[in-house]
file upload-v9.tsv (TSV, C-alpha atoms)
chain	number	residue	atom	x	y	z
O	1	MET	CA	0.00	0.00	0.00
O	2	GLY	CA	2.82	2.36	0.94
O	3	ASP	CA	4.33	1.80	-2.50
O	4	TYR	CA	1.18	3.03	-4.16
O	5	ILE	CA	1.05	6.16	-2.02
O	6	GLY	CA	4.68	6.81	-2.94
O	7	LEU	CA	3.82	6.31	-6.60
O	8	ILE	CA	0.90	8.72	-6.39
O	9	ILE	CA	2.98	11.44	-4.71
O	10	SER	CA	5.79	10.97	-7.19
O	11	CYS	CA	3.40	11.20	-10.16
O	12	ILE	CA	1.51	14.24	-8.91
O	13	PHE	CA	4.30	16.36	-7.42
O	14	VAL	CA	7.83	15.11	-7.97
O	15	ASN	CA	7.50	14.10	-11.62
O	16	ASN	CA	4.64	16.45	-12.45
O	17	ILE	CA	3.84	15.62	-16.05
O	18	LEU	CA	3.44	19.24	-17.11
O	19	LEU	CA	6.02	21.19	-15.23
O	20	MET	CA	8.74	18.57	-14.78
O	21	GLN	CA	8.39	16.26	-17.78
O	22	TYR	CA	7.26	18.92	-20.26
O	23	LEU	CA	4.33	16.94	-21.64
O	24	GLY	CA	0.94	18.36	-22.58
O	25	ASN	CA	2.00	21.97	-22.98
O	26	CYS	CA	-0.24	22.78	-25.94
O	27	PRO	CA	-3.51	22.32	-23.99
O	28	PHE	CA	-1.78	23.85	-20.97
O	29	LEU	CA	-1.37	27.15	-22.78
O	30	GLY	CA	-4.49	26.73	-24.92
O	31	VAL	CA	-7.27	26.07	-22.41
O	32	SER	CA	-5.88	27.82	-19.34
O	33	LYS	CA	-7.40	31.21	-20.08
O	34	LYS	CA	-10.58	30.43	-18.14
O	35	MET	CA	-11.12	28.39	-15.01
O	36	GLU	CA	-14.14	26.56	-16.46
O	37	THR	CA	-12.30	25.19	-19.47
O	38	ALA	CA	-9.34	24.18	-17.30
O	39	VAL	CA	-11.62	22.13	-15.03
O	40	GLY	CA	-13.35	20.55	-18.04
O	41	MET	CA	-10.07	19.62	-19.66
O	42	THR	CA	-8.79	18.09	-16.42
O	43	GLY	CA	-11.88	15.90	-16.10
O	44	GLY	CA	-11.59	14.78	-19.71
O	45	VAL	CA	-7.91	13.91	-19.46
O	46	ILE	CA	-8.31	11.88	-16.24
O	47	PHE	CA	-11.32	10.06	-17.70
O	48	VAL	CA	-9.62	9.14	-20.97
O	49	LEU	CA	-6.18	8.42	-19.56
O	50	VAL	CA	-7.36	5.81	-17.02
O	51	MET	CA	-9.00	3.91	-19.86
O	52	ALA	CA	-6.18	4.52	-22.31
O	53	GLY	CA	-3.60	3.37	-19.75
O	54	ALA	CA	-5.44	0.10	-19.18
O	55	ALA	CA	-6.09	-0.43	-22.91
O	56	THR	CA	-2.52	0.23	-24.02
O	57	TRP	CA	-1.17	-2.01	-21.22
O	58	LEU	CA	-3.37	-4.83	-22.52
O	59	VAL	CA	-2.35	-4.18	-26.11
O	60	GLU	CA	1.33	-4.22	-25.15
O	61	TYR	CA	1.26	-7.44	-23.12
O	62	ALA	CA	-1.47	-9.34	-24.97
O	63	LEU	CA	-0.60	-8.40	-28.56
O	64	LEU	CA	2.70	-6.68	-29.17
O	65	LYS	CA	4.91	-8.68	-26.82
O	66	PRO	CA	3.73	-12.25	-27.65
O	67	PHE	CA	4.01	-11.56	-31.38
O	68	ASP	CA	7.30	-9.70	-30.95
O	69	VAL	CA	6.22	-6.62	-32.90
O	70	GLN	CA	7.08	-3.98	-30.32
O	71	TYR	CA	8.48	-1.66	-32.96
O	72	LEU	CA	4.84	-1.04	-33.94
O	73	ARG	CA	4.10	0.35	-30.47
O	74	THR	CA	3.85	3.99	-31.56
O	75	LEU	CA	1.32	3.21	-34.28
O	76	ALA	CA	-0.66	0.78	-32.12
O	77	PHE	CA	-0.92	3.13	-29.14
O	78	ILE	CA	-1.98	6.20	-31.06
O	79	LEU	CA	-4.64	4.17	-32.89
O	80	VAL	CA	-5.91	2.71	-29.61
O	81	ILE	CA	-6.13	6.18	-28.08
O	82	ALA	CA	-7.81	7.74	-31.12
O	83	THR	CA	-10.39	4.95	-31.35
O	84	LEU	CA	-10.99	5.01	-27.60
O	85	VAL	CA	-11.61	8.74	-27.61
O	86	GLN	CA	-14.05	8.34	-30.50
O	87	PHE	CA	-15.92	5.55	-28.69
O	88	VAL	CA	-16.05	7.49	-25.43
O	89	GLU	CA	-17.45	10.45	-27.29
O	90	MET	CA	-20.16	8.38	-28.97
O	91	TYR	CA	-21.03	6.56	-25.74
O	92	LEU	CA	-21.27	9.73	-23.66
O	93	LYS	CA	-23.38	11.46	-26.28
O	94	LYS	CA	-25.94	8.61	-26.22
O	95	SER	CA	-25.91	7.57	-22.57
O	96	ILE	CA	-24.75	10.38	-20.29
O	97	PRO	CA	-25.61	13.63	-22.10
O	98	THR	CA	-24.95	15.76	-19.01
O	99	LEU	CA	-21.35	14.59	-18.80
O	100	TYR	CA	-21.01	14.95	-22.57
O	101	ALA	CA	-22.14	18.57	-22.35
O	102	GLY	CA	-19.29	19.20	-19.92
O	103	LEU	CA	-16.51	17.18	-21.53
O	104	GLY	CA	-17.62	16.91	-25.15
O	105	ILE	CA	-15.59	19.67	-26.74
O	106	TYR	CA	-12.37	18.62	-25.02
O	107	LEU	CA	-12.48	15.02	-26.15
O	108	PRO	CA	-11.15	15.47	-29.72
O	109	LEU	CA	-8.34	17.64	-28.34
O	110	ILE	CA	-7.26	14.85	-26.00
O	111	THR	CA	-6.23	12.56	-28.88
O	112	THR	CA	-3.36	14.86	-29.74
O	113	ASN	CA	-2.49	15.71	-26.14
O	114	CYS	CA	1.01	14.38	-25.77
O	115	ALA	CA	0.49	13.82	-22.03
O	116	VAL	CA	-1.91	10.96	-22.82
O	117	LEU	CA	0.40	9.12	-25.19
O	118	GLY	CA	3.39	10.06	-23.03
O	119	VAL	CA	1.96	8.48	-19.86
O	120	CYS	CA	1.13	5.30	-21.80
O	121	PHE	CA	4.77	5.10	-22.91
O	122	ILE	CA	6.05	5.83	-19.39
O	123	ASN	CA	3.89	2.98	-18.01
O	124	ILE	CA	5.47	0.55	-20.45
O	125	ASN	CA	9.04	1.86	-20.10
O	126	GLU	CA	8.90	1.68	-16.29
O	127	GLU	CA	7.49	-1.87	-16.59
O	128	TYR	CA	4.57	-1.15	-14.26
O	129	SER	CA	2.18	-3.96	-13.33
O	130	PHE	CA	-1.48	-3.59	-14.29
O	131	VAL	CA	-2.48	-2.07	-10.94
O	132	GLN	CA	0.49	0.28	-10.94
O	133	THR	CA	-0.49	1.31	-14.49
O	134	LEU	CA	-4.00	2.16	-13.30
O	135	VAL	CA	-2.63	4.16	-10.36
O	136	SER	CA	-0.13	6.12	-12.44
O	137	SER	CA	-2.72	6.68	-15.21
O	138	PHE	CA	-4.89	8.34	-12.59
O	139	ALA	CA	-2.17	10.20	-10.69
O	140	TYR	CA	-0.34	11.73	-13.67
O	141	PRO	CA	-3.42	13.47	-15.10
O	142	ALA	CA	-4.35	14.51	-11.54
O	143	GLY	CA	-0.99	16.30	-11.38
O	144	PHE	CA	-1.68	17.72	-14.84
O	145	GLY	CA	-5.03	19.01	-13.55
O	146	LEU	CA	-3.49	20.50	-10.42
O	147	ALA	CA	-0.96	22.47	-12.45
O	148	LEU	CA	-3.54	23.45	-15.06
O	149	ILE	CA	-6.11	24.73	-12.54
O	150	LEU	CA	-3.51	26.64	-10.51
O	151	PHE	CA	-2.17	28.14	-13.71
O	152	ALA	CA	-5.65	29.14	-14.90
O	153	ALA	CA	-6.16	30.99	-11.62
O	154	VAL	CA	-2.87	32.85	-12.11
O	155	ARG	CA	-3.71	33.63	-15.69
O	156	GLU	CA	-7.05	35.19	-14.81
O	157	ARG	CA	-5.08	37.66	-12.67
O	158	ILE	CA	-2.54	38.34	-15.41
O	159	LEU	CA	-5.37	39.60	-17.60
O	160	LEU	CA	-5.73	42.52	-15.20
O	161	ALA	CA	-2.02	43.33	-15.12
O	162	ARG	CA	-0.23	45.66	-17.49
O	163	VAL	CA	2.14	43.42	-19.39
O	164	PRO	CA	4.62	44.90	-21.91
O	165	LYS	CA	3.30	44.39	-25.43
O	166	PRO	CA	5.84	41.89	-26.82
O	167	LEU	CA	5.46	39.70	-23.73
O	168	ARG	CA	1.69	39.33	-24.00
O	169	GLU	CA	-0.27	36.06	-24.45
O	170	THR	CA	1.87	32.93	-24.77
O	171	SER	CA	5.10	34.62	-23.85
O	172	ILE	CA	4.06	35.78	-20.39
O	173	GLY	CA	2.23	32.47	-20.00
O	174	LEU	CA	5.47	30.55	-20.41
O	175	VAL	CA	7.39	32.78	-18.03
O	176	THR	CA	4.64	32.32	-15.42
O	177	ALA	CA	4.72	28.57	-16.00
O	178	GLY	CA	8.46	28.75	-15.34
O	179	MET	CA	7.79	30.34	-11.95
O	180	MET	CA	5.27	27.60	-11.13
O	181	SER	CA	7.72	24.99	-12.29
O	182	LEU	CA	10.25	26.47	-9.87
O	183	ALA	CA	7.79	25.82	-7.03
O	184	PHE	CA	7.39	22.20	-8.11
O	185	TYR	CA	11.16	21.92	-8.47
O	186	ALA	CA	11.36	22.07	-4.68
O	187	PHE	CA	9.73	18.62	-4.48
O	188	LYS	CA	12.61	17.12	-6.40
O	189	GLY	CA	14.53	15.76	-3.41
O	190	MET	CA	11.49	14.01	-1.95
O	191	ALA	CA	11.21	10.69	-3.76
G	192	MET	CA	5.18	28.52	-60.29
G	193	ALA	CA	8.78	28.17	-59.17
G	194	LYS	CA	8.45	31.40	-57.26
G	195	SER	CA	5.39	30.28	-55.29
G	196	VAL	CA	7.09	26.98	-54.40
G	197	PHE	CA	10.05	28.95	-53.14
G	198	ARG	CA	7.71	31.11	-51.07
G	199	GLU	CA	6.18	28.03	-49.45
G	200	PHE	CA	9.70	27.03	-48.51
G	201	THR	CA	10.80	30.36	-47.04
G	202	LYS	CA	7.64	31.01	-45.01
G	203	GLY	CA	8.65	28.13	-42.73
G	204	LEU	CA	11.97	29.81	-42.08
G	205	TRP	CA	10.72	33.19	-40.91
G	206	THR	CA	7.11	34.42	-41.25
G	207	GLU	CA	5.52	31.22	-39.93
G	208	VAL	CA	8.49	29.62	-38.23
G	209	PRO	CA	7.48	26.99	-35.66
G	210	PRO	CA	7.48	27.07	-32.66
G	211	TYR	CA	7.81	30.85	-32.30
G	212	ARG	CA	5.23	32.14	-34.79
G	213	LEU	CA	3.20	28.98	-35.15
G	214	VAL	CA	2.96	28.01	-31.49
G	215	LEU	CA	2.95	24.24	-32.05
G	216	GLY	CA	5.24	21.48	-30.86
G	217	LEU	CA	6.13	23.14	-27.57
G	218	CYS	CA	6.80	20.02	-25.52
G	219	PRO	CA	9.93	18.89	-27.42
G	220	THR	CA	11.02	22.52	-27.65
G	221	LEU	CA	11.11	22.65	-23.87
G	222	ALA	CA	12.50	19.20	-23.23
G	223	MET	CA	15.01	18.83	-26.06
G	224	THR	CA	16.85	22.14	-25.85
G	225	LYS	CA	18.93	21.27	-22.82
G	226	GLN	CA	21.78	20.19	-25.06
G	227	VAL	CA	22.60	21.15	-28.62
G	228	ASP	CA	22.80	17.59	-29.97
G	229	MET	CA	19.32	16.79	-28.60
G	230	GLY	CA	17.78	19.94	-30.10
G	231	PHE	CA	19.46	19.44	-33.46
G	232	GLY	CA	18.57	15.73	-33.57
G	233	MET	CA	14.96	16.43	-32.66
G	234	GLY	CA	14.75	19.08	-35.39
G	235	LEU	CA	16.11	16.73	-38.05
G	236	ALA	CA	13.81	13.91	-36.93
G	237	VAL	CA	10.79	16.21	-37.18
G	238	THR	CA	11.99	17.44	-40.59
G	239	PHE	CA	12.19	13.88	-41.87
G	240	VAL	CA	8.70	13.03	-40.60
G	241	LEU	CA	7.26	16.28	-41.95
G	242	VAL	CA	8.70	15.92	-45.44
G	243	GLY	CA	7.66	12.26	-45.67
G	244	SER	CA	4.14	12.71	-44.34
G	245	ASN	CA	3.56	15.92	-46.32
G	246	VAL	CA	4.47	14.27	-49.62
G	247	LEU	CA	2.52	11.08	-48.94
G	248	ILE	CA	-0.60	12.88	-47.71
G	249	SER	CA	-0.63	15.25	-50.64
G	250	LEU	CA	-0.28	12.27	-53.01
G	251	LEU	CA	-3.19	10.54	-51.27
G	252	ARG	CA	-5.37	13.61	-50.87
G	253	ARG	CA	-7.87	12.51	-53.53
G	254	VAL	CA	-8.10	9.01	-52.04
G	255	ILE	CA	-8.55	9.87	-48.35
G	256	PRO	CA	-12.25	10.32	-47.49
G	257	LYS	CA	-13.03	13.56	-45.76
G	258	ASN	CA	-14.77	12.05	-42.71
G	259	VAL	CA	-11.90	9.86	-41.57
G	260	ARG	CA	-9.05	12.11	-42.72
G	261	ILE	CA	-7.62	12.76	-39.25
G	262	ALA	CA	-7.30	9.03	-38.57
G	263	CYS	CA	-5.58	8.56	-41.94
G	264	PHE	CA	-3.18	11.45	-41.23
G	265	ILE	CA	-2.29	9.91	-37.87
G	266	VAL	CA	-1.51	6.54	-39.46
G	267	VAL	CA	0.74	8.15	-42.09
G	268	VAL	CA	2.57	10.30	-39.53
G	269	ALA	CA	2.97	7.38	-37.11
G	270	THR	CA	4.48	5.25	-39.87
G	271	PHE	CA	7.16	7.83	-40.57
G	272	VAL	CA	7.80	8.23	-36.84
G	273	ILE	CA	8.45	4.50	-36.57
G	274	VAL	CA	10.88	4.75	-39.50
G	275	VAL	CA	12.76	7.57	-37.78
G	276	GLU	CA	12.74	5.67	-34.48
G	277	LEU	CA	14.30	2.58	-36.06
G	278	LEU	CA	16.85	4.64	-38.00
G	279	MET	CA	17.96	6.51	-34.88
G	280	GLN	CA	18.18	3.29	-32.91
G	281	ALA	CA	20.45	1.86	-35.59
G	282	TYR	CA	22.74	4.80	-36.30
G	283	THR	CA	22.66	7.24	-33.36
G	284	TYR	CA	21.99	4.96	-30.41
G	285	GLU	CA	23.26	7.32	-27.68
G	286	LEU	CA	21.06	10.15	-28.91
G	287	PHE	CA	18.17	7.71	-29.18
G	288	LEU	CA	18.55	6.83	-25.48
G	289	LYS	CA	18.88	10.47	-24.44
G	290	MET	CA	15.78	11.59	-26.33
G	291	GLY	CA	13.70	8.72	-24.91
G	292	ILE	CA	9.94	8.97	-25.28
G	293	PHE	CA	10.13	12.23	-27.18
G	294	ILE	CA	10.88	10.39	-30.43
G	295	PRO	CA	7.61	8.40	-30.50
G	296	LEU	CA	5.85	11.53	-29.26
G	297	ILE	CA	6.57	13.26	-32.59
G	298	VAL	CA	3.24	11.67	-33.61
G	299	VAL	CA	1.35	14.07	-31.35
G	300	ASN	CA	3.75	16.95	-31.89
G	301	CYS	CA	0.95	18.86	-33.76
G	302	ILE	CA	3.30	20.17	-36.46
G	303	PRO	CA	3.02	17.20	-38.89
G	304	LEU	CA	-0.71	16.81	-38.20
G	305	GLY	CA	-1.27	20.55	-38.36
G	306	ARG	CA	0.49	20.89	-41.71
G	307	ALA	CA	-1.38	17.88	-43.10
G	308	GLU	CA	-4.74	19.38	-42.17
G	309	ALA	CA	-3.95	23.00	-43.03
G	310	PHE	CA	-1.79	22.59	-46.10
G	311	CYS	CA	-1.16	19.18	-47.71
G	312	TYR	CA	-4.79	18.16	-47.94
G	313	LYS	CA	-5.37	21.13	-50.26
G	314	ASN	CA	-2.08	21.47	-52.15
G	315	GLY	CA	0.04	19.61	-54.68
G	316	VAL	CA	3.06	17.41	-54.05
G	317	LEU	CA	5.77	19.91	-54.93
G	318	ARG	CA	4.33	22.67	-52.78
G	319	SER	CA	3.73	20.27	-49.88
G	320	PHE	CA	7.32	19.09	-50.12
G	321	ALA	CA	8.59	22.68	-50.02
G	322	ASP	CA	6.29	23.47	-47.11
G	323	GLY	CA	7.47	20.42	-45.14
G	324	LEU	CA	11.15	21.10	-45.79
G	325	GLY	CA	10.82	24.78	-44.87
G	326	MET	CA	8.83	24.14	-41.70
G	327	GLY	CA	11.17	21.34	-40.68
G	328	LEU	CA	14.33	23.39	-41.19
G	329	GLY	CA	12.75	26.37	-39.46
G	330	TYR	CA	11.96	24.15	-36.49
G	331	THR	CA	15.49	22.73	-36.47
G	332	ILE	CA	17.05	26.20	-36.51
G	333	SER	CA	14.72	27.46	-33.74
G	334	LEU	CA	15.50	24.49	-31.53
G	335	THR	CA	19.22	24.71	-32.18
G	336	ILE	CA	19.40	28.42	-31.34
G	337	LEU	CA	17.57	27.93	-28.05
G	338	ALA	CA	19.68	24.85	-27.27
G	339	VAL	CA	22.94	26.71	-27.96
G	340	ILE	CA	21.96	29.53	-25.59
G	341	ARG	CA	20.88	27.12	-22.88
G	342	GLU	CA	23.81	24.74	-23.14
G	343	VAL	CA	26.57	27.34	-23.47
G	344	PHE	CA	25.46	29.53	-20.57
G	345	GLY	CA	23.74	26.89	-18.47
G	346	ASN	CA	26.34	24.18	-18.68
G	347	GLY	CA	29.45	25.83	-20.12
G	348	THR	CA	29.65	23.28	-22.96
G	349	PHE	CA	28.88	23.10	-26.68
G	350	PHE	CA	27.97	19.73	-28.25
G	351	ASN	CA	29.12	18.26	-24.90
G	352	GLN	CA	32.62	19.75	-25.33
G	353	PRO	CA	33.81	22.27	-22.71
G	354	ILE	CA	34.37	25.73	-24.18
G	355	SER	CA	36.93	28.24	-22.99
G	356	PHE	CA	36.03	31.64	-24.50
G	357	LEU	CA	33.98	32.62	-21.46
G	358	GLY	CA	37.17	32.71	-19.38
G	359	PRO	CA	38.36	30.56	-16.48
G	360	THR	CA	36.23	32.31	-13.85
G	361	PHE	CA	32.95	31.60	-15.65
G	362	GLN	CA	30.35	29.93	-13.45
G	363	PRO	CA	27.62	28.06	-15.39
G	364	TYR	CA	24.19	29.57	-14.85
G	365	ALA	CA	22.63	26.22	-13.90
G	366	PHE	CA	19.05	27.54	-13.74
G	367	MET	CA	18.99	27.57	-17.55
G	368	VAL	CA	19.25	23.81	-17.94
G	369	THR	CA	16.55	22.98	-15.38
G	370	ALA	CA	12.83	22.60	-16.10
G	371	PRO	CA	11.86	26.08	-14.82
G	372	GLY	CA	14.63	27.60	-16.95
G	373	ALA	CA	13.20	25.94	-20.05
G	374	PHE	CA	9.84	27.65	-19.59
G	375	VAL	CA	11.30	31.05	-18.78
G	376	PHE	CA	13.75	31.10	-21.68
G	377	LEU	CA	11.22	29.87	-24.23
G	378	GLY	CA	8.92	32.66	-23.01
G	379	LEU	CA	11.67	35.24	-23.40
G	380	MET	CA	12.54	33.87	-26.84
G	381	LEU	CA	8.92	34.34	-27.94
G	382	CYS	CA	9.11	37.89	-26.59
G	383	VAL	CA	12.24	38.58	-28.67
G	384	MET	CA	10.54	37.19	-31.78
G	385	ASN	CA	7.51	39.42	-31.12
G	386	MET	CA	9.81	42.43	-30.83
G	387	LEU	CA	11.54	41.60	-34.11
G	388	GLY	CA	8.16	41.72	-35.81
G	389	LYS	CA	6.61	39.70	-38.58
G	390	LYS	CA	8.78	40.92	-41.47

call {"tool": "encode", "arguments": {"input": "upload-v9.tsv", "output": "structure tokens"}}
result
Amino acid sequence: MGDYIGLIISCIFVNNILLMQYLGNCPFLGVSKKMETAVGMTGGVIFVLVMAGAATWLVEYALLKPFDVQYLRTLAFILVIATLVQFVEMYLKKSIPTLYAGLGIYLPLITTNCAVLGVCFININEEYSFVQTLVSSFAYPAGFGLALILFAAVRERILLARVPKPLRETSIGLVTAGMMSLAFYAFKGMA
Amino acid sequence: MAKSVFREFTKGLWTEVPPYRLVLGLCPTLAMTKQVDMGFGMGLAVTFVLVGSNVLISLLRRVIPKNVRIACFIVVVATFVIVVELLMQAYTYELFLKMGIFIPLIVVNCIPLGRAEAFCYKNGVLRSFADGLGMGLGYTISLTILAVIREVFGNGTFFNQPISFLGPTFQPYAFMVTAPGAFVFLGLMLCVMNMLGKK
């Protein structure tokens, strides 16, 4: 049990996917202008990544490894994720329209979110067991969400500040992200 | 005709240079500019994938049905990424290990997919080739410039070789090679590009 708690803390804080591993920066800068969209994106990424983590783990150990075609991993994983996202979208639209109304517009964006594919690769490279895969597939996007929501809150304040013209938009966003990353950098000695 | 092809090529080098003007492919820009060889290698890998996928997609543009085009683009891009992955594993193994998961992640880098959707699906082979080559080289140059700044001042080395022109008392500014430094310096780089203007 202690191992899993250690894994969760390491995934959320020490190896924060966004600020320490540099994955998922496009949605980070894209949807962080408003708090609402940041929360929606976080929900979508957690939802998809738990399923994608499990699915890609099964594909790796049930298909790619026995047939010794691991060089096809990139192609297999991205197809699994793309199909999964499409299915989730169709299922939510039919069955849980309220959830679809909240998450719907973020789902297509998640296919090309490199945090999703990145975590699937990390799970395989670290040789996690199935349960560990599930835990890390939940904890990594939780860390992504934490950083994204904090950043959205900061960004709403930046809108009110007088920023020099060349630094506006993405530029000041990145510098702010650097400051946040510095805060997360302090966790580095922990695990 | 020749002039417009040339224009497609040069726009990738300055007016629409990724990742500064076209803010796509940020993750490798942050992660791979710690050292010059990583930045340069990443740029060339992306160039290879871009040129290959651009040409193939523009050849297939009349065959690919509109409804499933994104899925088709992903398959084409992923194929070229696998090719690059195997080539790097065979010829530049050390770099391959250093770059790690960022090589397969070229699939979701947005630049190849973005160009396929915005350009190749509507344009001919020659123009798509020029566009891919220009964008790829622009990306390589951008990454290399950022990597040179970060490696020289952050680590005191160039292509992993120690350099001496900064004098014996030079202390490396280690903040630049850490994760926070990556964000801050990419932000400042964007600011410099904004100041230089679109011309």

call {"tool": "residues_around", "arguments": {"input": "upload-v9.tsv", "residues": "Gly315 of chain G", "least_positions_apart": "6", "cutoff": "10 Å", "atoms": "all atoms listed in the file", "output": "list in words"}}
result
Asn245, Val246, Ile248, Ser249, Leu250 and Arg252 of chain G

call {"tool": "interface_residues", "arguments": {"input": "upload-v9.tsv", "of": "chain G", "to": "chain O", "cutoff": "8 Å", "atoms": "all atoms listed in the file", "output": "JSON, numbers by chain"}}
result
{"G": [215, 216, 217, 218, 219, 221, 222, 262, 265, 266, 269, 270, 272, 273, 277, 292, 295, 296, 298, 299, 300, 301, 370, 371, 372, 373, 374, 375, 376, 377, 378, 379, 381, 382, 383, 385, 386]}

call {"tool": "residues_around", "arguments": {"input": "upload-v9.tsv", "residues": "segment 233-242 of chain G", "least_positions_apart": "4", "cutoff": "10 Å", "atoms": "only C-alpha atoms", "output": "compact mmCIF listing (two decimals) with C-alpha atoms, in the frame of the given file"}}
result
# COMPACT_ATOMS: atom_id res chain seq x y z
CA GLY G 216 5.24 21.48 -30.86
CA PRO G 219 9.93 18.89 -27.42
CA THR G 220 11.02 22.52 -27.65
CA MET G 223 15.01 18.83 -26.06
CA THR G 224 16.85 22.14 -25.85
CA VAL G 227 22.60 21.15 -28.62
CA ASP G 228 22.80 17.59 -29.97
CA MET G 229 19.32 16.79 -28.60
CA VAL G 246 4.47 14.27 -49.62
CA LEU G 247 2.52 11.08 -48.94
CA VAL G 267 0.74 8.15 -42.09
CA VAL G 268 2.57 10.30 -39.53
CA ALA G 269 2.97 7.38 -37.11
CA THR G 270 4.48 5.25 -39.87
CA PHE G 271 7.16 7.83 -40.57
CA VAL G 272 7.80 8.23 -36.84
CA ILE G 273 8.45 4.50 -36.57
CA VAL G 274 10.88 4.75 -39.50
CA VAL G 275 12.76 7.57 -37.78
CA GLU G 276 12.74 5.67 -34.48
CA LEU G 278 16.85 4.64 -38.00
CA MET G 279 17.96 6.51 -34.88
CA LEU G 286 21.06 10.15 -28.91
CA PHE G 287 18.17 7.71 -29.18
CA MET G 290 15.78 11.59 -26.33
CA PHE G 293 10.13 12.23 -27.18
CA ILE G 294 10.88 10.39 -30.43
CA ILE G 297 6.57 13.26 -32.59
CA VAL G 298 3.24 11.67 -33.61
CA ASN G 300 3.75 16.95 -31.89
CA ILE G 302 3.30 20.17 -36.46
CA PRO G 303 3.02 17.20 -38.89
CA LEU G 304 -0.71 16.81 -38.20
CA ARG G 306 0.49 20.89 -41.71
CA ALA G 307 -1.38 17.88 -43.10
CA SER G 319 3.73 20.27 -49.88
CA PHE G 320 7.32 19.09 -50.12
CA ALA G 321 8.59 22.68 -50.02
CA ASP G 322 6.29 23.47 -47.11
CA GLY G 323 7.47 20.42 -45.14
CA LEU G 324 11.15 21.10 -45.79
CA GLY G 325 10.82 24.78 -44.87
CA MET G 326 8.83 24.14 -41.70
CA GLY G 327 11.17 21.34 -40.68
CA LEU G 328 14.33 23.39 -41.19
CA GLY G 329 12.75 26.37 -39.46
CA TYR G 330 11.96 24.15 -36.49
CA THR G 331 15.49 22.73 -36.47
CA ILE G 332 17.05 26.20 -36.51
CA SER G 333 14.72 27.46 -33.74
CA LEU G 334 15.50 24.49 -31.53
CA THR G 335 19.22 24.71 -32.18

call {"tool": "atom_distance", "arguments": {"input": "upload-v9.tsv", "atom1": "atom CA of Phe231 of chain G", "atom2": "atom CA of Gln280 of chain G"}}
result
16.2 Å

call {"tool": "residues_near_point", "arguments": {"input": "upload-v9.tsv", "point": "(-5.3, 24.1, -14.1)", "cutoff": "9 Å", "atoms": "only C-alpha atoms", "output": "count of residues only"}}
result
19

call {"tool": "build_atoms", "arguments": {"input": "upload-v9.tsv", "residues": "segment 228-239 of chain G", "atoms": "N, CA and C atoms", "output": "PDB file, in the frame of the given file"}}
result
ATOM      1  N   ASP G 228      22.999  18.771 -29.125  1.00  0.00           N
ATOM      2  CA  ASP G 228      22.800  17.590 -29.970  1.00  0.00           C
ATOM      3  C   ASP G 228      21.355  17.095 -29.909  1.00  0.00           C
ATOM      4  N   MET G 229      20.715  17.211 -28.713  1.00  0.00           N
ATOM      5  CA  MET G 229      19.320  16.790 -28.600  1.00  0.00           C
ATOM      6  C   MET G 229      18.418  17.686 -29.442  1.00  0.00           C
ATOM      7  N   GLY G 230      18.618  19.006 -29.353  1.00  0.00           N
ATOM      8  CA  GLY G 230      17.780  19.940 -30.100  1.00  0.00           C
ATOM      9  C   GLY G 230      17.928  19.738 -31.595  1.00  0.00           C
ATOM     10  N   PHE G 231      19.178  19.617 -32.042  1.00  0.00           N
ATOM     11  CA  PHE G 231      19.460  19.440 -33.460  1.00  0.00           C
ATOM     12  C   PHE G 231      18.879  18.117 -33.964  1.00  0.00           C
ATOM     13  N   GLY G 232      19.082  17.048 -33.175  1.00  0.00           N
ATOM     14  CA  GLY G 232      18.570  15.730 -33.570  1.00  0.00           C
ATOM     15  C   GLY G 232      17.053  15.734 -33.649  1.00  0.00           C
ATOM     16  N   MET G 233      16.420  16.360 -32.662  1.00  0.00           N
ATOM     17  CA  MET G 233      14.960  16.430 -32.660  1.00  0.00           C
ATOM     18  C   MET G 233      14.469  17.178 -33.904  1.00  0.00           C
ATOM     19  N   GLY G 234      15.139  18.298 -34.224  1.00  0.00           N
ATOM     20  CA  GLY G 234      14.750  19.080 -35.390  1.00  0.00           C
ATOM     21  C   GLY G 234      14.835  18.256 -36.663  1.00  0.00           C
ATOM     22  N   LEU G 235      15.950  17.526 -36.829  1.00  0.00           N
ATOM     23  CA  LEU G 235      16.110  16.730 -38.050  1.00  0.00           C
ATOM     24  C   LEU G 235      15.078  15.605 -38.106  1.00  0.00           C
ATOM     25  N   ALA G 236      14.802  14.985 -36.944  1.00  0.00           N
ATOM     26  CA  ALA G 236      13.810  13.910 -36.930  1.00  0.00           C
ATOM     27  C   ALA G 236      12.445  14.446 -37.356  1.00  0.00           C
ATOM     28  N   VAL G 237      12.079  15.618 -36.808  1.00  0.00           N
ATOM     29  CA  VAL G 237      10.790  16.210 -37.180  1.00  0.00           C
ATOM     30  C   VAL G 237      10.780  16.573 -38.663  1.00  0.00           C
ATOM     31  N   THR G 238      11.923  17.097 -39.171  1.00  0.00           N
ATOM     32  CA  THR G 238      11.990  17.440 -40.590  1.00  0.00           C
ATOM     33  C   THR G 238      11.736  16.217 -41.467  1.00  0.00           C
ATOM     34  N   PHE G 239      12.365  15.114 -41.103  1.00  0.00           N
ATOM     35  CA  PHE G 239      12.190  13.880 -41.870  1.00  0.00           C
ATOM     36  C   PHE G 239      10.713  13.465 -41.894  1.00  0.00           C
TER      37      PHE G 239
END
